[in-house]
Each structure stands twice: as C-alpha cells, then as structure tokens.
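Colleague: Have a look at this one before I ask anything.
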Amino acid sequence: MRAAEQDSGIGLVDDEAQAAVVAAEGIIEKASGGDSGGEFGPVWSDDRVAHLLERLASDFVLDNTYREQHLSLTASENYPSKLVRMLGSGLQGGFYEFAPPYPAEAGEWAFPDSGANASLVGKLTGIGRQLFEAATFDWRPNGGSVAEQAVLLGTCGRGDGFVHFAHKDGGHFALEALAGAAGVNTYHLPMVDRTLLVDVDRLATLCAEHPEIKLVILDQSFKLRWQPLAQIRAALPEGVFLAYDASHDGALIAGGALPQPTLLGADAVHGNTHKTIAGPQKAYIAFRDADHPKLRAVSDWVCPQMQSNSHAELIAPMYVALSEIALYGHDYARQILANSKALAHALHEEGVRVSGESFGFTETHQVHVITGSAADALRLSLGDLAHAGIRTTNIEVPGANGLHGLRLGVQAMTRRGLREAEMREVARLVAKVVLRRAEPTTVRAEVADLLQDHALDRLAYSFDAYVDSPAAARLLGEVFR
C-alpha cells in the first residue's frame with residue numbers, strides 16, 4: 001500500500017487488488033500488440049480470454065470475501081437477494097421503455113414491445129401503489145437524486161421558492177445547486193435541535209412571509225425521527241406541494257412500522273430502492289392523486305428531459321425487491337427498529353456518545369454516534385473502523401452543534417439475520433475501536449467470528465430460500481438462455 005494512501009485512509013488498495021489491475025492492463029496491452037488480427041483489432045486466443053475471465057473472477061472473489069467478512073453498518077446500502085441480483089441480467093439487455101405514469105398517446109418515444117415490458121411495468125406499478133398507498137408509481141428515475149430533482153423542477157419555476165432540510169439537519173445534497181441554477185430560492189426547515197423535529201409554527205411563518213414558496217420537501221438523509229407530517233401539511237398554504245423523501249425509510253413505511261406519507265397529506269412520496277429496500281439502484285415517485293396538476297410536469301422531468309434511458313432491465317429486480325417487502329416487510333421493518341434501538345442503547349451503555357438520548361436515540365434504522373471533529377470522524381470511518389472490518393460513513397451529526405461522527409444503519413445486518421443479541425455484540429466491537437483504541441486487526445478477527453454463522457447466500461426476509469425451487473429454476477433458465 002502506498003504511504004500516502006495509508007496515511008489518509010482514502011483510496012485504499014490492497015496488494016491483490018493492485019495486482020489484478022496490473023494484470024488486466026497487461027492483458028489489454030498484449031491484446032493490442034503485435035499479433036493484430038488486422039484492421040478491426042487483435043486476435044484473442046482461447047487462453048487469453050480464459051485468463052481475462054479468471055482475472056475478472058478474482059475481482060468478484062475479492063469483493064465477495066470483503067462483504068462476507070465485514071459488518072456493513074452504512075445507512076445507505078443493503079444486500080440484495082440472489083434473484084434481485086440475477087434478474088438484472090435478463091431481458092436481453094433491456095429494451096427501451098418510456099411509458100409515463102399518466103395516460104399518453106404513443107409518439108416518437110414509443111417502441112414496439114414483446115409484451116414483457118408492459119406486463120412487468122404493470123406488476124411493478126401495481127405493487128408500488130399498494131406499498132405506498134398511492135394512485136401512481138413512476139419506476140423510471142435512475143436514482144433518488146433524479147427523483148427529487150424532478151420534483152423540484154416540476155413544481156417550481158424561476159422566482160419560486162422551496163424549503164428543505166439544511167445539510168446540518170440531514171438535508172440531501174442534490175437540490176440546492178440545481179435550485180440556484182434554475183433561479184429557485186432555497187429556504188431551510190426550522191428545527192428544534194433538542195428534539196430534531198421540524199418547528200411547525202416557524203415553518204408556517206416562513207411560508208407566510210415568502211409566498212413564492214411552492215414546495216416543501218422532507219429530504220433527510222441523516223434521519224433519526226419521524227417528522228410530524230400531518231401538522232406540517234396543515235401549516236402549509238393551499239397549493240404548496242409537500243413531498244416526502246423515503247429513500248432511507250421506504251421499507252419501514254411499506255412494512256407498516258412508520259406511517260404512510262400519502263395518508264398524512266404528502267402530495268408525493270419518492271425515494272431510491274437500495275437502502276432499507278434491498279433492490280437495485282433505481283428510484284420511484286408515487287403521487288397520492290392520479291389527477292394531481294403537477295403529475296405530468298414532474299414525470300416529464302424524469303423522462304425524457306433528465307433521462308433518455310430508464311434502464312428497463314431493472315424493472316424485474318425492482319419488482320422482486322418490492323415483492324419481498326410485500327411478503328416479509330412487516331417482520332423486517334420491526335426487526336430493523338428493534339435492532340437499531342438495541343445497537344443505540346448498547347453503544348450508550350458502553351460509554352459511546354450517541355445522539356438523541358431524549359427520545360430514545362432512534363426511531364428509524366439509523367444510529368448517530370458523536371465523535372468530535374470532521375477529521376476525527378473521517379479517520380474512524382475510513383481508517384480504524386475500516387481496518388477492523390466495520391463499514392461506516394462519517395457525517396455532521398444533526399443537533400450536535402457542528403460536531404461530526406458516524407452514521408450507522410442496521411438494515412443490511414438485519415438482512416443477514418442479526419438480531420438484538422448480536423447488535424449488542426456489534427456495539428461492543430464498535431466501542432473497542434472508537435473508545436478503547438483497540439488494535440483494529442484483533443477486532444477484525446472478532447467481526448469475522450460474529451459473521452461466520454450469518455452467510456450472504458441465505459439472506460433473511462428474502463426469496464433466497466426459493467432460489468433452488470423448480471419455479472425459480474424455470475425463471476433463471478429463461479433469464480440466462
């Protein structure tokens with residue numbers, strides 16, 4: 001490892017990974033060399049192709065081993081099940097599919113179809129509407145940022161204003177620069193630092209003083225609490241669009257552990273599908289009302305204005321991921337909440353400084369640990385904890401007066417089958433690194449011991465148990481034929 005990388009903790013590359021890169025570069029160099037196959041490129045021997053595939057396999061071995069042996073405590077990732085992963089390879093690469101979530105005549109964005117895409121879209125939109133109590137479900141956004149940016153551009157024009165969480169309160173990074181470029185004024189939700197809740201009275205005053213505000217979007221990425229959505233809706237002037245970003249807590253909502261935003265007054269709920277929902281890296285926008293006057297404007301910003309390709313090959317894995325939520329979401333969501341509370345309380349008992357003691361530390365999948373400066377948090381997440389086999393991210397902790405720390409999430413380890421007892425062990429291991437400065441390599445061995453009975457090939461709350469069934473065999477036979 002290069003000294004600069006070791007010192008910073010950034011760009012960490014181990015010897016095996018570096019060797020794989022060098023070998024791949026050598027293959028390409030040889031393939032482009034003297035034994036050219038003529039004008040259109042080199043001749044590739046069977047041995048050379050086999051060698052390339054072997055080196056490629058070594059990258060997957062490296063990644064799978066890493067994931068098997070690490071505690072994934074990032075709040076923004078999850079383990080997709082085998083069917084979700086494999087179905088992303090299907091549909092012969094994925095033909096184009098552009099149909100919007102509102103009635104539209106066929107035009108130059110319409111393509112002939114075997115009928116499979118339309119059938120899969122029907123299944124996906126049906127289950128999406130069901131899980132989020134919505135009248136529409138637009139599966140097309142290629143990420144949560146696209147979804148929320150489409151909401152902003154579809155509801156606000158030049159000179160209008162929107163309100164969202166400031167970064168220090170957990171607001172997402174994708175909106176303010178776009179709003180500035182589009183001539184939309186940015187305002188921040190007023191917060192009560194002690195409770196981490198929106199100050200509804202001050203929000204009502206803000207909207208009254210700035211009648212140009214057309215959108216309020218609850219876009220927290222650092223999220224410990226459920227916000228008072230019904231009261232927020234009641235405080236907003238008529239015509240202000242209320243959007244709820246469920247990127248982080250989508251499975252908690254769909255599983256019934258948190259309330260449905262659309263039933264509490266949100267005009268739309270949107271989010272990505274790879275955090276508490278263990279799907280592909282896609283997103284959605286679901287409207288409460290199929291006749292909402294902003295539906296078409298928001299949808300058209302998604303596609304064709306922001307995207308010319310919505311990656312239809314991911315419709316099927318997205319549907320499977322939501323189907324897993326429909327079947328197992330009730331138990332999965334409640335186990336997530338039990339695990340996050342167990343982790344938070346155990347960390348607190350170990351002496352770690354955990355945010356949110358006044359409300360029981362957490363009401364979501366996240367736990368926030370306060371460590372000090374930004375440099376301290378970065379050193380822990382990319383240095384000591386990473387070397388100990390504990391995967392985390394560093395944040396400015398909301399309500400902590402500018403202090404930084406770690407954002408932990410339990411959803412991925414819940415999928416691996418960890419429950420409250422194991423979460424208390426996780427807390428002990430985190431505390432050994434964060435507080436007691438234990439040698440990371442010794443903790444890494446304990447992490448491996450903890451995870452050895454929680455394999456990745458049989459995830460909880462998933463269809464993994466059915467992968468070997470005749471029905472799955474028939475499906476996968478079609479995927480790979």
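If you're wondering about the labels, chains in the structure tokens are A, B, ... by order shown, residues count from 1 in each chain, ligands from 1 in order shown.
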Need the shell around His348 in chain A: protein/DNA/RNA residues with any atom at most 10 Å away, counting only C-alpha atoms. Skip same-chain ones fewer than 6 positions apart. Format as a PyMOL selection string?
Modeller: chain A and resi 342+354-355+357+361+369+427+431
Colleague: Write the selection just made, keeping N, CA and C atoms, as a CSV table (one decimal), in the first residue's frame?
Modeller:
chain,number,residue,atom,x,y,z
A,342,ALA,N,-31.6,-1.5,19.9
A,342,ALA,CA,-30.6,-2.4,20.7
A,342,ALA,C,-29.2,-1.9,20.5
A,354,VAL,N,-24.0,8.8,22.0
A,354,VAL,CA,-25.0,8.5,21.0
A,354,VAL,C,-26.0,9.7,21.0
A,355,SER,N,-26.3,10.2,19.8
A,355,SER,CA,-27.2,11.3,19.6
A,355,SER,C,-28.7,10.8,20.0
A,357,GLU,N,-30.6,11.0,23.0
A,357,GLU,CA,-31.0,10.3,24.2
A,357,GLU,C,-32.4,10.7,24.7
A,361,PHE,N,-33.0,7.7,21.4
A,361,PHE,CA,-31.9,7.5,20.5
A,361,PHE,C,-32.3,7.4,19.0
A,369,VAL,N,-23.5,8.4,16.1
A,369,VAL,CA,-22.5,8.5,17.1
A,369,VAL,C,-21.7,9.8,17.0
A,427,ALA,N,-22.2,-3.5,19.1
A,427,ALA,CA,-21.9,-2.3,19.9
A,427,ALA,C,-20.6,-2.4,20.7
A,431,ALA,N,-17.3,0.0,20.1
A,431,ALA,CA,-16.8,0.7,21.2
A,431,ALA,C,-15.3,0.4,21.4
Colleague: Find, counting only C-alpha atoms, the residue in A:Thr195, A:His454, A:Ser323, A:Ala388 that gets nearest to Ala400 in chain A.
Modeller: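 Among A:Thr195, A:His454, A:Ser323, A:Ala388, it is A:Thr195 that comes nearest to Ala400 in chain A.
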Colleague: Show me a table, sorted first by chain and then by increasing residue number, of the residues of range 153-253 of chain A having an atom at most 9 Å from range 138-148 of chain A, each with its shortest atom pair and the distance in Å to one decimal, counting only C-alpha atoms and written as a tab-separated table.
Modeller:
residue	atom	partner	partner_atom	distance
A:Leu153	CA	A:Glu148	CA	8.7
A:His172	CA	A:Ser145	CA	8.6
A:Phe173	CA	A:Ser145	CA	8.7
A:Ala174	CA	A:Ser145	CA	5.9
A:Leu175	CA	A:Glu148	CA	7.6
A:Ile217	CA	A:Glu148	CA	8.4
A:Asp219	CA	A:Glu148	CA	8.3
A:Ala243	CA	A:Glu148	CA	8.7
A:Asp245	CA	A:Glu148	CA	7.6
A:Ser247	CA	A:Gly144	CA	6.7
Colleague: Take the residues just selected and output them with N, CA and C atoms as a PDB file, in the first residue's frame.
Modeller:
ATOM      1  N   LEU A 153     -38.030  20.570 -10.068  1.00  0.00           N
ATOM      2  CA  LEU A 153     -38.217  21.259 -11.349  1.00  0.00           C
ATOM      3  C   LEU A 153     -39.666  21.210 -11.827  1.00  0.00           C
ATOM      4  N   HIS A 172     -30.482  16.523   1.973  1.00  0.00           N
ATOM      5  CA  HIS A 172     -29.745  15.897   0.878  1.00  0.00           C
ATOM      6  C   HIS A 172     -29.003  16.949   0.064  1.00  0.00           C
ATOM      7  N   PHE A 173     -27.917  16.517  -0.572  1.00  0.00           N
ATOM      8  CA  PHE A 173     -27.013  17.440  -1.272  1.00  0.00           C
ATOM      9  C   PHE A 173     -27.464  17.799  -2.677  1.00  0.00           C
ATOM     10  N   ALA A 174     -28.499  17.139  -3.224  1.00  0.00           N
ATOM     11  CA  ALA A 174     -28.731  17.201  -4.664  1.00  0.00           C
ATOM     12  C   ALA A 174     -29.607  18.361  -5.120  1.00  0.00           C
ATOM     13  N   LEU A 175     -30.100  19.188  -4.202  1.00  0.00           N
ATOM     14  CA  LEU A 175     -31.126  20.150  -4.602  1.00  0.00           C
ATOM     15  C   LEU A 175     -30.650  21.596  -4.703  1.00  0.00           C
ATOM     16  N   ILE A 217     -40.037  19.954   0.829  1.00  0.00           N
ATOM     17  CA  ILE A 217     -39.592  18.590   0.600  1.00  0.00           C
ATOM     18  C   ILE A 217     -38.820  18.108   1.831  1.00  0.00           C
ATOM     19  N   ASP A 219     -36.363  15.884   2.972  1.00  0.00           N
ATOM     20  CA  ASP A 219     -35.341  15.133   2.240  1.00  0.00           C
ATOM     21  C   ASP A 219     -34.174  14.711   3.132  1.00  0.00           C
ATOM     22  N   ALA A 243     -43.643  17.050  -0.419  1.00  0.00           N
ATOM     23  CA  ALA A 243     -43.027  15.811  -0.884  1.00  0.00           C
ATOM     24  C   ALA A 243     -42.252  15.165   0.254  1.00  0.00           C
ATOM     25  N   ASP A 245     -39.314  12.341   1.063  1.00  0.00           N
ATOM     26  CA  ASP A 245     -38.246  11.501   0.533  1.00  0.00           C
ATOM     27  C   ASP A 245     -38.093  10.278   1.432  1.00  0.00           C
ATOM     28  N   SER A 247     -36.220   7.613   0.723  1.00  0.00           N
ATOM     29  CA  SER A 247     -35.062   6.826   0.300  1.00  0.00           C
ATOM     30  C   SER A 247     -34.535   5.957   1.435  1.00  0.00           C
TER      31      SER A 247
END
Colleague: Quick one: residues within 9 Å of range 295-302 of chain A, only C-alpha atoms counted, chain neighbours fewer than 3 positions away excluded, as a PyMOL selection string?
Modeller: chain A and resi 100-102+138+140-142+146-147+149-155+285+287+289-292+305-308+310
